[in-house]
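Undergrad: Got query23.pdb for you, PDB, C-alpha atoms, pLDDT in the B column:
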```pdb
ATOM      1  CA  MET A   1      62.690-125.265 -45.510  1.00 91.00           C
ATOM      2  CA  HIS A   2      63.306-123.641 -42.150  1.00 96.00           C
ATOM      3  CA  PHE A   3      66.093-121.058 -42.023  1.00 98.00           C
ATOM      4  CA  ASP A   4      67.486-118.693 -39.406  1.00 98.00           C
ATOM      5  CA  LYS A   5      68.850-115.976 -41.662  1.00 98.00           C
ATOM      6  CA  GLU A   6      68.474-114.943 -45.288  1.00 98.00           C
ATOM      7  CA  LEU A   7      71.116-113.425 -47.536  1.00 98.00           C
ATOM      8  CA  ASP A   8      70.032-111.537 -50.626  1.00 98.00           C
ATOM      9  CA  ALA A   9      72.915-111.865 -53.084  1.00 98.00           C
ATOM     10  CA  ARG A  10      70.876-111.019 -56.161  1.00 98.00           C
ATOM     11  CA  GLY A  11      72.688-108.914 -58.746  1.00 97.00           C
ATOM     12  CA  LEU A  12      76.102-109.678 -57.285  1.00 97.00           C
ATOM     13  CA  ALA A  13      78.886-111.234 -59.343  1.00 97.00           C
ATOM     14  CA  CYS A  14      81.698-113.555 -58.317  1.00 96.00           C
ATOM     15  CA  PRO A  15      83.183-113.559 -55.720  1.00 97.00           C
ATOM     16  CA  LEU A  16      80.703-111.449 -53.737  1.00 97.00           C
ATOM     17  CA  PRO A  17      78.000-114.128 -53.174  1.00 97.00           C
ATOM     18  CA  ILE A  18      80.593-116.441 -51.607  1.00 97.00           C
ATOM     19  CA  VAL A  19      82.257-113.671 -49.595  1.00 97.00           C
ATOM     20  CA  LYS A  20      78.886-112.502 -48.254  1.00 97.00           C
ATOM     21  CA  THR A  21      77.800-116.066 -47.537  1.00 98.00           C
ATOM     22  CA  ARG A  22      80.880-116.482 -45.383  1.00 97.00           C
ATOM     23  CA  LYS A  23      80.121-113.251 -43.526  1.00 97.00           C
ATOM     24  CA  SER A  24      76.508-114.237 -42.927  1.00 98.00           C
ATOM     25  CA  LEU A  25      77.506-117.674 -41.640  1.00 98.00           C
ATOM     26  CA  ASN A  26      79.860-115.986 -39.185  1.00 96.00           C
ATOM     27  CA  GLU A  27      76.807-114.410 -37.566  1.00 97.00           C
ATOM     28  CA  LEU A  28      75.061-117.753 -37.048  1.00 98.00           C
ATOM     29  CA  ALA A  29      75.520-120.412 -34.386  1.00 98.00           C
ATOM     30  CA  SER A  30      76.511-123.972 -35.197  1.00 98.00           C
ATOM     31  CA  GLY A  31      73.558-125.926 -36.628  1.00 98.00           C
ATOM     32  CA  GLN A  32      71.645-122.845 -37.771  1.00 98.00           C
ATOM     33  CA  VAL A  33      70.592-122.545 -41.404  1.00 98.00           C
ATOM     34  CA  LEU A  34      71.362-119.748 -43.857  1.00 98.00           C
ATOM     35  CA  LYS A  35      69.261-119.186 -46.951  1.00 98.00           C
ATOM     36  CA  VAL A  36      71.050-117.541 -49.875  1.00 98.00           C
ATOM     37  CA  VAL A  37      69.319-116.155 -52.949  1.00 98.00           C
ATOM     38  CA  ALA A  38      71.562-115.337 -55.913  1.00 98.00           C
ATOM     39  CA  THR A  39      71.427-114.547 -59.601  1.00 98.00           C
ATOM     40  CA  ASP A  40      75.051-115.412 -60.400  1.00 97.00           C
ATOM     41  CA  SER A  41      74.808-118.481 -62.634  1.00 95.00           C
ATOM     42  CA  GLY A  42      78.238-119.585 -61.424  1.00 96.00           C
ATOM     43  CA  SER A  43      76.959-119.764 -57.867  1.00 96.00           C
ATOM     44  CA  MET A  44      75.602-123.300 -58.300  1.00 96.00           C
ATOM     45  CA  ALA A  45      79.111-124.686 -58.776  1.00 97.00           C
ATOM     46  CA  ASP A  46      80.706-122.183 -56.410  1.00 97.00           C
ATOM     47  CA  MET A  47      78.361-122.861 -53.509  1.00 97.00           C
ATOM     48  CA  LYS A  48      79.041-126.603 -53.743  1.00 97.00           C
ATOM     49  CA  ALA A  49      82.797-125.957 -53.693  1.00 97.00           C
ATOM     50  CA  PHE A  50      82.369-123.554 -50.781  1.00 97.00           C
ATOM     51  CA  SER A  51      80.478-126.220 -48.851  1.00 98.00           C
ATOM     52  CA  GLU A  52      83.117-128.873 -49.574  1.00 96.00           C
ATOM     53  CA  GLN A  53      85.978-126.577 -48.608  1.00 95.00           C
ATOM     54  CA  THR A  54      84.452-125.208 -45.424  1.00 96.00           C
ATOM     55  CA  GLY A  55      82.396-128.134 -44.137  1.00 96.00           C
ATOM     56  CA  HIS A  56      79.198-126.074 -43.934  1.00 98.00           C
ATOM     57  CA  GLU A  57      76.623-128.514 -45.260  1.00 98.00           C
ATOM     58  CA  LEU A  58      74.715-127.567 -48.403  1.00 98.00           C
ATOM     59  CA  LEU A  59      71.254-128.862 -47.503  1.00 98.00           C
ATOM     60  CA  GLU A  60      69.586-127.796 -50.707  1.00 98.00           C
ATOM     61  CA  ALA A  61      70.530-126.089 -53.960  1.00 98.00           C
ATOM     62  CA  GLY A  62      67.791-125.118 -56.353  1.00 97.00           C
ATOM     63  CA  GLN A  63      67.233-123.112 -59.485  1.00 97.00           C
ATOM     64  CA  GLU A  64      64.063-121.410 -60.585  1.00 96.00           C
ATOM     65  CA  GLY A  65      64.531-119.451 -63.796  1.00 96.00           C
ATOM     66  CA  ALA A  66      67.406-117.047 -63.218  1.00 95.00           C
ATOM     67  CA  LEU A  67      67.166-117.363 -59.452  1.00 97.00           C
ATOM     68  CA  TYR A  68      69.343-119.690 -57.402  1.00 98.00           C
ATOM     69  CA  THR A  69      68.463-120.630 -53.843  1.00 98.00           C
ATOM     70  CA  PHE A  70      70.730-122.348 -51.349  1.00 98.00           C
ATOM     71  CA  PHE A  71      70.336-123.592 -47.821  1.00 98.00           C
ATOM     72  CA  LEU A  72      73.537-123.971 -45.837  1.00 98.00           C
ATOM     73  CA  LYS A  73      73.825-125.434 -42.364  1.00 98.00           C
ATOM     74  CA  LYS A  74      76.561-123.910 -40.297  1.00 98.00           C
ATOM     75  CA  ARG A  75      79.198-126.396 -39.205  1.00 96.00           C
TER      76      ARG A  75
ATOM     77  CA  MET B  76      92.629-129.866 -39.987  1.00 65.00           C
ATOM     78  CA  ALA B  77      95.011-126.988 -40.531  1.00 85.00           C
ATOM     79  CA  ALA B  78      93.801-124.173 -42.778  1.00 93.00           C
ATOM     80  CA  LYS B  79      94.932-124.348 -46.382  1.00 97.00           C
ATOM     81  CA  LYS B  80      97.313-121.696 -47.588  1.00 98.00           C
ATOM     82  CA  MET B  81      97.517-119.746 -50.837  1.00 98.00           C
ATOM     83  CA  ALA B  82     100.436-117.634 -51.996  1.00 98.00           C
ATOM     84  CA  LEU B  83     100.015-115.195 -54.880  1.00 98.00           C
ATOM     85  CA  ILE B  84     102.376-112.944 -56.779  1.00 98.00           C
ATOM     86  CA  ALA B  85     100.677-109.896 -58.290  1.00 98.00           C
ATOM     87  CA  SER B  86     102.970-108.404 -60.911  1.00 98.00           C
ATOM     88  CA  LYS B  87     100.662-106.319 -63.067  1.00 97.00           C
ATOM     89  CA  GLY B  88      99.113-102.946 -62.412  1.00 97.00           C
ATOM     90  CA  THR B  89      96.245-102.666 -64.843  1.00 97.00           C
ATOM     91  CA  LEU B  90      92.552-102.806 -63.978  1.00 97.00           C
ATOM     92  CA  ASP B  91      91.941-106.149 -65.702  1.00 97.00           C
ATOM     93  CA  TRP B  92      94.987-107.801 -64.124  1.00 97.00           C
ATOM     94  CA  GLY B  93      94.197-106.345 -60.723  1.00 98.00           C
ATOM     95  CA  TYR B  94      91.112-108.527 -60.459  1.00 98.00           C
ATOM     96  CA  PRO B  95      92.568-112.073 -60.406  1.00 98.00           C
ATOM     97  CA  PRO B  96      94.714-111.630 -57.281  1.00 98.00           C
ATOM     98  CA  TYR B  97      92.052-109.744 -55.325  1.00 98.00           C
ATOM     99  CA  ILE B  98      89.245-112.114 -56.373  1.00 98.00           C
ATOM    100  CA  LEU B  99      91.248-115.221 -55.538  1.00 98.00           C
ATOM    101  CA  ALA B 100      92.532-113.778 -52.274  1.00 98.00           C
ATOM    102  CA  SER B 101      89.101-112.666 -51.042  1.00 98.00           C
ATOM    103  CA  THR B 102      87.517-115.975 -52.052  1.00 98.00           C
ATOM    104  CA  ALA B 103      90.234-118.108 -50.482  1.00 98.00           C
ATOM    105  CA  ALA B 104      89.875-116.083 -47.291  1.00 97.00           C
ATOM    106  CA  ALA B 105      86.116-116.760 -47.398  1.00 97.00           C
ATOM    107  CA  LEU B 106      86.930-120.469 -47.588  1.00 97.00           C
ATOM    108  CA  GLY B 107      88.929-120.062 -44.403  1.00 96.00           C
ATOM    109  CA  TRP B 108      92.317-120.238 -46.093  1.00 97.00           C
ATOM    110  CA  GLU B 109      95.352-118.293 -45.001  1.00 98.00           C
ATOM    111  CA  VAL B 110      96.426-115.980 -47.833  1.00 98.00           C
ATOM    112  CA  GLN B 111      99.452-113.903 -48.651  1.00 98.00           C
ATOM    113  CA  VAL B 112      99.838-111.740 -51.768  1.00 98.00           C
ATOM    114  CA  PHE B 113     103.216-110.458 -52.833  1.00 98.00           C
ATOM    115  CA  PHE B 114     102.983-107.313 -54.973  1.00 98.00           C
ATOM    116  CA  THR B 115     105.976-106.714 -57.186  1.00 98.00           C
ATOM    117  CA  PHE B 116     106.886-104.351 -60.016  1.00 98.00           C
ATOM    118  CA  TYR B 117     103.717-102.918 -61.569  1.00 97.00           C
ATOM    119  CA  GLY B 118     101.599-104.930 -59.167  1.00 98.00           C
ATOM    120  CA  LEU B 119     102.511-102.397 -56.493  1.00 98.00           C
ATOM    121  CA  GLN B 120      99.998-100.015 -58.062  1.00 98.00           C
ATOM    122  CA  LEU B 121      97.300-102.240 -56.557  1.00 98.00           C
ATOM    123  CA  LEU B 122      98.443-101.290 -53.057  1.00 98.00           C
ATOM    124  CA  ARG B 123      98.149 -97.544 -53.542  1.00 98.00           C
ATOM    125  CA  LYS B 124      95.647 -95.725 -51.346  1.00 98.00           C
ATOM    126  CA  ASP B 125      94.312 -94.116 -54.506  1.00 97.00           C
ATOM    127  CA  LEU B 126      93.548 -96.682 -57.204  1.00 97.00           C
ATOM    128  CA  SER B 127      92.369 -94.146 -59.784  1.00 95.00           C
ATOM    129  CA  ALA B 128      95.615 -94.549 -61.756  1.00 93.00           C
ATOM    130  CA  VAL B 129      94.873 -98.256 -62.254  1.00 97.00           C
ATOM    131  CA  LYS B 130      93.513 -98.360 -65.789  1.00 97.00           C
ATOM    132  CA  ILE B 131      92.755-100.659 -68.655  1.00 95.00           C
ATOM    133  CA  SER B 132      94.168-100.099 -72.106  1.00 91.00           C
ATOM    134  CA  PRO B 133      92.786-101.384 -75.398  1.00 89.00           C
ATOM    135  CA  LEU B 134      96.285-100.844 -76.874  1.00 90.00           C
ATOM    136  CA  ALA B 135      98.233-104.059 -77.428  1.00 88.00           C
ATOM    137  CA  ASN B 136      95.166-105.839 -76.077  1.00 89.00           C
ATOM    138  CA  PRO B 137      93.415-107.191 -79.182  1.00 88.00           C
ATOM    139  CA  ALA B 138      91.296-109.592 -77.097  1.00 91.00           C
ATOM    140  CA  MET B 139      89.502-106.773 -75.311  1.00 90.00           C
ATOM    141  CA  PRO B 140      85.855-106.670 -76.427  1.00 89.00           C
ATOM    142  CA  MET B 141      85.018-103.227 -77.790  1.00 86.00           C
ATOM    143  CA  PRO B 142      81.491-101.825 -78.199  1.00 83.00           C
ATOM    144  CA  VAL B 143      82.485-100.630 -81.695  1.00 86.00           C
ATOM    145  CA  PRO B 144      85.426-101.768 -83.835  1.00 86.00           C
ATOM    146  CA  MET B 145      88.317 -99.426 -83.095  1.00 86.00           C
ATOM    147  CA  PRO B 146      91.421 -99.139 -85.276  1.00 89.00           C
ATOM    148  CA  VAL B 147      94.718 -99.242 -83.390  1.00 90.00           C
ATOM    149  CA  LEU B 148      95.582 -95.701 -84.492  1.00 91.00           C
ATOM    150  CA  VAL B 149      92.397 -94.421 -82.859  1.00 89.00           C
ATOM    151  CA  GLN B 150      93.287 -96.268 -79.658  1.00 90.00           C
ATOM    152  CA  THR B 151      96.488 -94.216 -79.409  1.00 91.00           C
ATOM    153  CA  LEU B 152      94.615 -90.914 -79.209  1.00 92.00           C
ATOM    154  CA  PRO B 153      94.889 -88.976 -75.935  1.00 92.00           C
ATOM    155  CA  GLY B 154      92.148 -89.852 -73.474  1.00 93.00           C
ATOM    156  CA  MET B 155      91.351 -93.243 -74.983  1.00 92.00           C
ATOM    157  CA  GLU B 156      92.774 -95.090 -71.992  1.00 93.00           C
ATOM    158  CA  SER B 157      90.698 -93.071 -69.539  1.00 94.00           C
ATOM    159  CA  MET B 158      87.634 -93.581 -71.676  1.00 93.00           C
ATOM    160  CA  ALA B 159      88.146 -97.336 -71.922  1.00 93.00           C
ATOM    161  CA  THR B 160      88.686 -97.460 -68.147  1.00 96.00           C
ATOM    162  CA  MET B 161      85.524 -95.511 -67.463  1.00 96.00           C
ATOM    163  CA  MET B 162      83.496 -97.698 -69.800  1.00 94.00           C
ATOM    164  CA  MET B 163      84.874-100.864 -68.222  1.00 95.00           C
ATOM    165  CA  LYS B 164      84.140 -99.618 -64.705  1.00 97.00           C
ATOM    166  CA  ASN B 165      80.585 -98.697 -65.678  1.00 96.00           C
ATOM    167  CA  LYS B 166      80.049-102.094 -67.231  1.00 96.00           C
ATOM    168  CA  MET B 167      81.399-103.847 -64.154  1.00 97.00           C
ATOM    169  CA  LYS B 168      79.148-101.839 -61.878  1.00 97.00           C
ATOM    170  CA  ALA B 169      76.114-102.647 -64.025  1.00 97.00           C
ATOM    171  CA  LYS B 170      76.947-106.358 -63.867  1.00 96.00           C
ATOM    172  CA  GLY B 171      77.408-106.428 -60.096  1.00 97.00           C
ATOM    173  CA  VAL B 172      81.181-106.879 -60.228  1.00 97.00           C
ATOM    174  CA  ALA B 173      82.876-105.425 -57.155  1.00 97.00           C
ATOM    175  CA  SER B 174      85.367-102.604 -57.570  1.00 97.00           C
ATOM    176  CA  LEU B 175      89.050-103.267 -56.853  1.00 98.00           C
ATOM    177  CA  GLU B 176      88.708-101.041 -53.778  1.00 98.00           C
ATOM    178  CA  GLU B 177      85.838-103.198 -52.481  1.00 97.00           C
ATOM    179  CA  LEU B 178      87.705-106.449 -53.082  1.00 98.00           C
ATOM    180  CA  ARG B 179      90.830-105.100 -51.435  1.00 98.00           C
ATOM    181  CA  HIS B 180      88.770-103.973 -48.446  1.00 98.00           C
ATOM    182  CA  ILE B 181      87.320-107.494 -48.174  1.00 97.00           C
ATOM    183  CA  CYS B 182      90.847-108.933 -48.248  1.00 98.00           C
ATOM    184  CA  ILE B 183      91.996-106.584 -45.502  1.00 98.00           C
ATOM    185  CA  GLU B 184      88.959-107.406 -43.365  1.00 96.00           C
ATOM    186  CA  ALA B 185      89.713-111.110 -43.841  1.00 96.00           C
ATOM    187  CA  GLU B 186      93.313-110.560 -42.721  1.00 97.00           C
ATOM    188  CA  VAL B 187      94.916-111.392 -46.050  1.00 98.00           C
ATOM    189  CA  ARG B 188      98.567-110.407 -45.758  1.00 98.00           C
ATOM    190  CA  LEU B 189      99.541-107.885 -48.417  1.00 98.00           C
ATOM    191  CA  ILE B 190     103.285-107.692 -48.979  1.00 98.00           C
ATOM    192  CA  ALA B 191     104.854-104.889 -51.013  1.00 98.00           C
ATOM    193  CA  CYS B 192     108.138-105.689 -52.723  1.00 97.00           C
ATOM    194  CA  GLN B 193     110.740-103.496 -51.041  1.00 97.00           C
ATOM    195  CA  MET B 194     113.102-103.738 -54.020  1.00 97.00           C
ATOM    196  CA  THR B 195     110.449-102.297 -56.344  1.00 97.00           C
ATOM    197  CA  VAL B 196     109.694 -99.495 -53.886  1.00 97.00           C
ATOM    198  CA  ASP B 197     113.406 -98.580 -53.850  1.00 97.00           C
ATOM    199  CA  LEU B 198     113.821 -99.022 -57.596  1.00 97.00           C
ATOM    200  CA  PHE B 199     111.038 -96.638 -58.556  1.00 97.00           C
ATOM    201  CA  GLU B 200     111.580 -94.428 -55.494  1.00 97.00           C
ATOM    202  CA  PHE B 201     107.975 -94.818 -54.422  1.00 97.00           C
ATOM    203  CA  ASP B 202     106.776 -93.010 -51.320  1.00 97.00           C
ATOM    204  CA  LYS B 203     105.636 -95.541 -48.732  1.00 96.00           C
ATOM    205  CA  ASN B 204     102.988 -93.064 -47.591  1.00 96.00           C
ATOM    206  CA  ASP B 205     101.190 -93.556 -50.911  1.00 97.00           C
ATOM    207  CA  PHE B 206     100.428 -97.154 -49.968  1.00 98.00           C
ATOM    208  CA  ILE B 207      97.646 -98.407 -47.731  1.00 98.00           C
ATOM    209  CA  PRO B 208      98.777 -98.779 -44.108  1.00 98.00           C
ATOM    210  CA  GLN B 209      98.016-102.527 -44.206  1.00 98.00           C
ATOM    211  CA  ALA B 210     100.819-103.100 -46.733  1.00 98.00           C
ATOM    212  CA  GLN B 211     103.831-104.800 -45.214  1.00 97.00           C
ATOM    213  CA  PHE B 212     107.219-104.535 -46.885  1.00 97.00           C
ATOM    214  CA  GLY B 213     109.437-107.493 -47.679  1.00 97.00           C
ATOM    215  CA  GLY B 214     111.435-109.364 -50.260  1.00 96.00           C
ATOM    216  CA  ALA B 215     111.566-112.654 -52.121  1.00 96.00           C
ATOM    217  CA  ALA B 216     112.501-114.599 -49.007  1.00 96.00           C
ATOM    218  CA  THR B 217     109.388-113.293 -47.243  1.00 95.00           C
ATOM    219  CA  PHE B 218     107.239-114.632 -50.068  1.00 96.00           C
ATOM    220  CA  LEU B 219     109.041-117.968 -50.308  1.00 96.00           C
ATOM    221  CA  GLY B 220     108.883-118.433 -46.553  1.00 96.00           C
ATOM    222  CA  PHE B 221     105.108-118.506 -46.848  1.00 97.00           C
ATOM    223  CA  ALA B 222     104.840-120.030 -50.354  1.00 97.00           C
ATOM    224  CA  GLY B 223     107.012-122.969 -49.295  1.00 97.00           C
ATOM    225  CA  GLU B 224     104.207-124.067 -46.983  1.00 97.00           C
ATOM    226  CA  ALA B 225     101.360-123.132 -49.337  1.00 98.00           C
ATOM    227  CA  ASP B 226      98.886-125.498 -50.986  1.00 98.00           C
ATOM    228  CA  VAL B 227      98.324-123.128 -53.900  1.00 98.00           C
ATOM    229  CA  SER B 228     100.899-120.774 -55.412  1.00 98.00           C
ATOM    230  CA  LEU B 229     100.114-118.607 -58.419  1.00 98.00           C
ATOM    231  CA  TYR B 230     101.872-115.925 -60.375  1.00 98.00           C
ATOM    232  CA  VAL B 231      99.555-113.295 -61.807  1.00 97.00           C
TER     233      VAL B 231
END
```
Written as structure tokens, that's how I'd like the structure from this file.

TA:
Amino acid sequence: MHFDKELDARGLACPLPIVKTRKSLNELASGQVLKVVATDSGSMADMKAFSEQTGHELLEAGQEGALYTFFLKKR
Amino acid sequence: MAAKKMALIASKGTLDWGYPPYILASTAAALGWEVQVFFTFYGLQLLRKDLSAVKISPLANPAMPMPVPMPVLVQTLPGMESMATMMMKNKMKAKGVASLEELRHICIEAEVRLIACQMTVDLFEFDKNDFIPQAQFGGAATFLGFAGEADVSLYV
């Protein structure tokens, strides 16, 4: 999937992946896509909640082993 | 849609109890919420410039996981608190958990309002210069003024 910016949140525990996702989205323009890679196993639920609360669309959420990948479209 | 609001009371000054208010506040701010934290009694320790006195104690804390079984009498020995704190901090670092300083910095950056209880400051004769400059001072009415409009209110 196409993305405009990538955030490496590997090794970070709650709430840092969400906090850093917010910061990264702040640097994007509306409609641009942020890719987030995380290892926090809570991030699957947290990223969905973040998307619902903020309105930034979660285009894709995937898991491969211990790695979680998300694509968020800035509102 | 108006931003949601969260009001927290932070009443405890130990390392383990310092996390919930700062984690919730920084996360809520990341969600775009407006957040105010009211620090009262021992919670005021969390607003000190120097957080090195914020510790964790295995004493009277039977739920705390210990690397080796430790009798209560051993836990009372001098230096045990500092050792437990150091071990906890090392473990947190290894697991990618942010330090309290980091989380507080995130809160400040995100414009979370940090209110120090004036009554507690007077009661314990604290020096205001020991607190971070972002701390504002107020009382119960200050908290309720905000909490009355809040979507989430929690006492920690």

Undergrad: Can you tell me how far atom CA of Asp91 of chain B sits from atom CA of Ala138 of chain B, in Å to one decimal?

TA: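 Interatomic distance, atom CA of Asp91 of chain B to atom CA of Ala138 of chain B: 11.9 Å.
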
Undergrad: Using all atoms listed in the file for the distances, tell me which of A:Gln53, A:Ser41, A:Asn26, A:Thr69 is nearest to Asp8 of chain A.

TA: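 Between A:Gln53, A:Ser41, A:Asn26, A:Thr69, the residue approaching Asp8 of chain A most closely is A:Thr69.
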
Undergrad: I need the residue nearest Cys192 of chain B from this list: B:Met81, B:Leu152, B:Ser86, B:Ala103. Use only C-alpha atoms for the distance.

TA: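 Looking only at the distances to Cys192 of chain B, the closest residue turns out to be B:Ser86.
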
Undergrad: Determine the residue membership of the ChimeraX specification (/A :<6) & /B for the file above and supply it as a CSV table (one decimal) with C-alpha atoms, keeping the file's coordinate frame.

TA:
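Result saved to out_27.csv:
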```
chain,number,residue,atom,x,y,z
B,105,ALA,CA,86.1,-116.8,-47.4
B,106,LEU,CA,86.9,-120.5,-47.6
B,171,GLY,CA,77.4,-106.4,-60.1
B,172,VAL,CA,81.2,-106.9,-60.2
```

Undergrad: One decimal, in Å: what's the spacing between atom CA of Ala222 of chain B and atom CA of Ala82 of chain B?

TA: 5.3 Å

Undergrad: Figure out the distance between atom CA of Met158 of chain B and atom CA of Val143 of chain B, please, to one decimal in Å.

TA: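 About the pair atom CA of Val143 of chain B and atom CA of Met158 of chain B: they are 13.3 Å apart.
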
Undergrad: Contacts of Val33 of chain A at 10 Å or less, counting all atoms listed in the file, minus same-chain residues fewer than 5 places along, as a PyMOL selection string?

TA: chain A and resi 1-6+25+28+56-59+70-75

Undergrad: Dig up all the protein and nucleic acid residues within 10 Å of (88.0, -102.7, -74.4) in the file frame, using all atoms listed in the file, and format them as a ChimeraX atom specification.

TA: /B:131-134,136-145,150,156,158-160,162-163

Undergrad: Nearest to Thr151 of chain B: which of B:Val196, B:Ala135, B:Cys182, B:Ala173 is it, counting all atoms listed in the file?

TA: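 Ranking B:Val196, B:Ala135, B:Cys182, B:Ala173 by distance to Thr151 of chain B, first place goes to B:Ala135.
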
Undergrad: Hey, what comes out of the PyMOL selection byres ((chain A and resi 67) around 8) on this file? Could you write it as a tab-separated table (two decimals) with C-alpha atoms, in the frame of the given file?

TA:
```tsv
chain	number	residue	atom	x	y	z
A	37	VAL	CA	69.32	-116.16	-52.95
A	38	ALA	CA	71.56	-115.34	-55.91
A	39	THR	CA	71.43	-114.55	-59.60
A	63	GLN	CA	67.23	-123.11	-59.48
A	64	GLU	CA	64.06	-121.41	-60.58
A	65	GLY	CA	64.53	-119.45	-63.80
A	66	ALA	CA	67.41	-117.05	-63.22
A	68	TYR	CA	69.34	-119.69	-57.40
A	69	THR	CA	68.46	-120.63	-53.84
```

Undergrad: Edge lengths and centre in Å to one decimal, as JSON, is what I'm after for the box along x, y and z that holds all listed atoms of segment 6-22 of chain A once 8 Å is added on each side.

TA:
```
{"center_x": 75.8, "center_y": -112.7, "center_z": -52.3, "size_x": 30.7, "size_y": 23.6, "size_z": 30.1}
```

Undergrad: Pick out the residues sitting within 9 Å of Leu121 of chain B, and hand them over as a ChimeraX atom specification; count all atoms listed in the file, and ignore anything fewer than 4 positions along from it in its own chain.

TA: /B:85,87-90,93,114,117,125-126,129,175,179,206

Undergrad: Export C-alpha atoms of the chosen residues as an mmCIF file, in the coordinates of the input?

TA:
```cif
data_model
loop_
_atom_site.group_PDB
_atom_site.id
_atom_site.type_symbol
_atom_site.label_atom_id
_atom_site.label_comp_id
_atom_site.auth_asym_id
_atom_site.auth_seq_id
_atom_site.Cartn_x
_atom_site.Cartn_y
_atom_site.Cartn_z
ATOM 1 C CA ALA B 85 100.677 -109.896 -58.290
ATOM 2 C CA LYS B 87 100.662 -106.319 -63.067
ATOM 3 C CA GLY B 88 99.113 -102.946 -62.412
ATOM 4 C CA THR B 89 96.245 -102.666 -64.843
ATOM 5 C CA LEU B 90 92.552 -102.806 -63.978
ATOM 6 C CA GLY B 93 94.197 -106.345 -60.723
ATOM 7 C CA PHE B 114 102.983 -107.313 -54.973
ATOM 8 C CA TYR B 117 103.717 -102.918 -61.569
ATOM 9 C CA ASP B 125 94.312 -94.116 -54.506
ATOM 10 C CA LEU B 126 93.548 -96.682 -57.204
ATOM 11 C CA VAL B 129 94.873 -98.256 -62.254
ATOM 12 C CA LEU B 175 89.050 -103.267 -56.853
ATOM 13 C CA ARG B 179 90.830 -105.100 -51.435
ATOM 14 C CA PHE B 206 100.428 -97.154 -49.968
#
```

Undergrad: I'd like the neighbourhood of Lys80 of chain B as a list in words, where a residue qualifies if any of its atoms comes within 7 Å (using only C-alpha atoms), though same-chain residues fewer than 4 positions away should be ignored.

TA: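 What passes the distance filter is Trp108, Glu109, Val110, Ala225, Asp226 and Val227 of chain B.
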
Undergrad: In terms of the shortest atom-to-atom distance over all atoms listed in the file, which of B:Ser157, B:Lys124, B:His180, B:Glu224 is closest to Ala77 of chain B?

TA: B:Glu224

Undergrad: Going by the chain IDs and residue numbers used in this file, which residues fall under the PyMOL selection byres ((chain B and resi 218) around 9)? Write them as a PDB file with C-alpha atoms, keeping the file's coordinate frame.

TA:
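The resulting file, selection_19.pdb, is reproduced below:
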```pdb
ATOM      1  CA  ALA B  82     100.436-117.634 -51.996  1.00 98.00           C
ATOM      2  CA  LEU B  83     100.015-115.195 -54.880  1.00 98.00           C
ATOM      3  CA  ILE B  84     102.376-112.944 -56.779  1.00 98.00           C
ATOM      4  CA  GLN B 111      99.452-113.903 -48.651  1.00 98.00           C
ATOM      5  CA  VAL B 112      99.838-111.740 -51.768  1.00 98.00           C
ATOM      6  CA  PHE B 113     103.216-110.458 -52.833  1.00 98.00           C
ATOM      7  CA  ILE B 190     103.285-107.692 -48.979  1.00 98.00           C
ATOM      8  CA  GLY B 213     109.437-107.493 -47.679  1.00 97.00           C
ATOM      9  CA  GLY B 214     111.435-109.364 -50.260  1.00 96.00           C
ATOM     10  CA  ALA B 215     111.566-112.654 -52.121  1.00 96.00           C
ATOM     11  CA  ALA B 216     112.501-114.599 -49.007  1.00 96.00           C
ATOM     12  CA  THR B 217     109.388-113.293 -47.243  1.00 95.00           C
ATOM     13  CA  LEU B 219     109.041-117.968 -50.308  1.00 96.00           C
ATOM     14  CA  GLY B 220     108.883-118.433 -46.553  1.00 96.00           C
ATOM     15  CA  PHE B 221     105.108-118.506 -46.848  1.00 97.00           C
ATOM     16  CA  ALA B 222     104.840-120.030 -50.354  1.00 97.00           C
ATOM     17  CA  GLY B 223     107.012-122.969 -49.295  1.00 97.00           C
TER      18      GLY B 223
END
```

Undergrad: Smallest atom-to-atom distance to Glu60 of chain A: which of A:Gly42, A:Ser24, A:Met47, A:Leu7, using all atoms listed in the file?

TA: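 Closest candidate: A:Met47.
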
Undergrad: Of the candidates B:Val149, B:Ala185, B:Leu122, B:Lys168, which shows the shortest atom-to-atom distance to Thr102 of chain B, using only C-alpha atoms?

TA: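 Residue with the minimum atom-to-atom distance to Thr102 of chain B: B:Ala185.
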
Undergrad: N, CA and C atoms for segment 126-132 of chain B, written as a PDB file, in the coordinates of the input, could you do that?

TA:
```
ATOM      1  N   LEU B 126      93.446 -95.730 -56.089  1.00 97.00           N
ATOM      2  CA  LEU B 126      93.548 -96.682 -57.204  1.00 97.00           C
ATOM      3  C   LEU B 126      93.095 -96.076 -58.535  1.00 97.00           C
ATOM      4  N   SER B 127      92.917 -94.747 -58.559  1.00 95.00           N
ATOM      5  CA  SER B 127      92.369 -94.146 -59.784  1.00 95.00           C
ATOM      6  C   SER B 127      93.347 -94.218 -60.958  1.00 95.00           C
ATOM      7  N   ALA B 128      94.637 -94.441 -60.667  1.00 93.00           N
ATOM      8  CA  ALA B 128      95.615 -94.549 -61.756  1.00 93.00           C
ATOM      9  C   ALA B 128      95.660 -95.965 -62.343  1.00 93.00           C
ATOM     10  N   VAL B 129      94.920 -96.886 -61.729  1.00 97.00           N
ATOM     11  CA  VAL B 129      94.873 -98.256 -62.254  1.00 97.00           C
ATOM     12  C   VAL B 129      93.858 -98.290 -63.395  1.00 97.00           C
ATOM     13  N   LYS B 130      94.368 -98.484 -64.606  1.00 97.00           N
ATOM     14  CA  LYS B 130      93.513 -98.360 -65.789  1.00 97.00           C
ATOM     15  C   LYS B 130      93.598 -99.586 -66.688  1.00 97.00           C
ATOM     16  N   ILE B 131      92.716 -99.595 -67.651  1.00 95.00           N
ATOM     17  CA  ILE B 131      92.755-100.659 -68.655  1.00 95.00           C
ATOM     18  C   ILE B 131      93.045 -99.997 -69.996  1.00 95.00           C
ATOM     19  N   SER B 132      93.834-100.673 -70.809  1.00 91.00           N
ATOM     20  CA  SER B 132      94.168-100.099 -72.106  1.00 91.00           C
ATOM     21  C   SER B 132      93.791-101.051 -73.234  1.00 91.00           C
TER      22      SER B 132
END
```
